[in-house]
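J.: Next up is a structure, given as structure tokens.
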Amino acid sequence: MKNSLLLGILLVAGTVFADSRLFTYTYEPETEPSGDWELEQSITSRLGRDAAVGQQNYQKWEFATEVEHGFTDRYTASIKINNDFEHFRDPVSRKISSGNRFSGISSENRYLVLDPVENPVGFTLYLEPTWDGQNAELEQKIILGQRQGDWKWAVNLTHATEWTDDFRTSEGELELSAGLARNLTGRWTLGLEIRDHNELPEYSEWENSAVYLGPTLSYHRQKWWAALSTMAQIYGWNQSGNPDQNTRLELEGHERLNIRLLVGYSF
């Protein structure tokens with residue numbers, strides 16, 4: 001009886017947090033309960049590159065609107081519309097480059113292989129194709145995570161391939177991200193997130209790498225939730241010899257600061 005009651009409590013807790021996020025870049029293994037729908041809005045601000053690479057006062061705003069559905073208790077899929085706005089100035093010509101861009105439609109798919117409620121570690125597989133009419137991307141993740149009392153951790157291993165110029169050009173991306181968070185009040189959760197992002201053009205060389213670290217804060221209600229992170233680049237390098245003239249950071253393909261806000265609403 002006690003074991004059944006404990007299992008019931010764990011299952012309810014898993015359901016409460018299954019449709020919310022504690023981190024903004026690192027996914028947790030839980031999927032949407034079967035039959036649930038959620039609307040999620042993501043806003044990402046990428047700020048600060050170097051004038052030495054012709055991108056002074058650089059800022060890029062990325063917007064993603066996603067509708068997500070739990071088809072089973074283990075399989076969740078969504079449709080996501082992506083747009084971005086980029087703005088910077090060339091310090092030589094003084095020309096300002098600014099504009100909006102439709103950056104594609106994505107279909108996010110997550111399958112829960114090992115439920116963290118029933119296993120020592122939760123394990124989920126992730127697949128997301130994106131297409132904007134000219135360019136395509138395919139992203140895969142291995143998602144690991146678990147909750148211990150008020151603490152929760154997650155680790156993601158990510159690989160993506162982007163095809164441009166009518167599939168004549170490709171670039172690979174590798175990323176390792178991880179998050180650790182603590183439940184403060186039942187509604188508020190405070191955590192720390194780290195990610196290492198790498199670019200491999202044509203898979204012929206390891207072009208660059210950038211490591212980000214920063215706090216994440218999330219808030220949860222019965223029908224909606226929000227998560228905010230501020231992540232600063234703490235280390236970076238470039239294979240071509242730091243064309244950005246910075247020996248500690250990588251500011252040609254990455255930014256000094258990434259800020260992301262996620263808001264989700266269940267219906």
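The way I read the labels, and the way they are meant: chains A, B, ... in the order of the structure tokens, residue 1 as the first residue of every chain, and ligand 1 as the first ligand shown, with later ones counted on from there.
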Would you pick out the contacts of region 63-76 of chain A at 8 Å or less, using only C-alpha atoms, so that residues sharing its chain but fewer than 6 positions from it are not included, and give the list as a list in words?

T.: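 My list of contacting residues is Thr31, Glu32, Pro33, Ser34, Gly35, Asp36, Trp37, Glu38, Leu39, Glu40, Gln41, Ser42, Ile43, Thr44, Asn82, Asn83, Asp84, Asn109, Arg110, Tyr111, Leu112 and Val113 of chain A.
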
J.: Identify, on the basis of only C-alpha atoms, every residue whose closest approach to Ser177 (chain A) does not exceed 7 Å; exclude the query and any residue fewer than 3 positions from it along the same chain; express the result as a list in words.

T.: Thr26, Val155, Asn156, Leu157, Ile194, Arg195 and Asp196 of chain A

J.: Apply DSSP to the structure's backbone, then extract all residues of region 83-199 of chain A labelled strand (DSSP E) and return them as a PyMOL selection string.

T.: chain A and resi 83-89+96-114+122-131+136-148+151-164+169-183+188-199

J.: Which residues come within 10 Å of Ile142 (chain A), counting only C-alpha atoms, excluding same-chain residues fewer than 6 positions away, as a list of chain:residue names?

T.: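 These residues fall inside the cut-off: A:Tyr27, A:Pro29, A:Arg110, A:Phe123, A:Thr124, A:Leu125, A:Tyr126, A:Leu127, A:Val155, A:Asn156, A:Leu157, A:Thr158, A:His159, A:Leu176.
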
J.: May I ask which of the residues A:Thr164, A:Gln148, A:Gln233, A:Asn242 is the closest one to Asn258 (chain A), counting only C-alpha atoms?

T.: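 Ranked by minimum distance to Asn258 (chain A), first place goes to A:Gln233.
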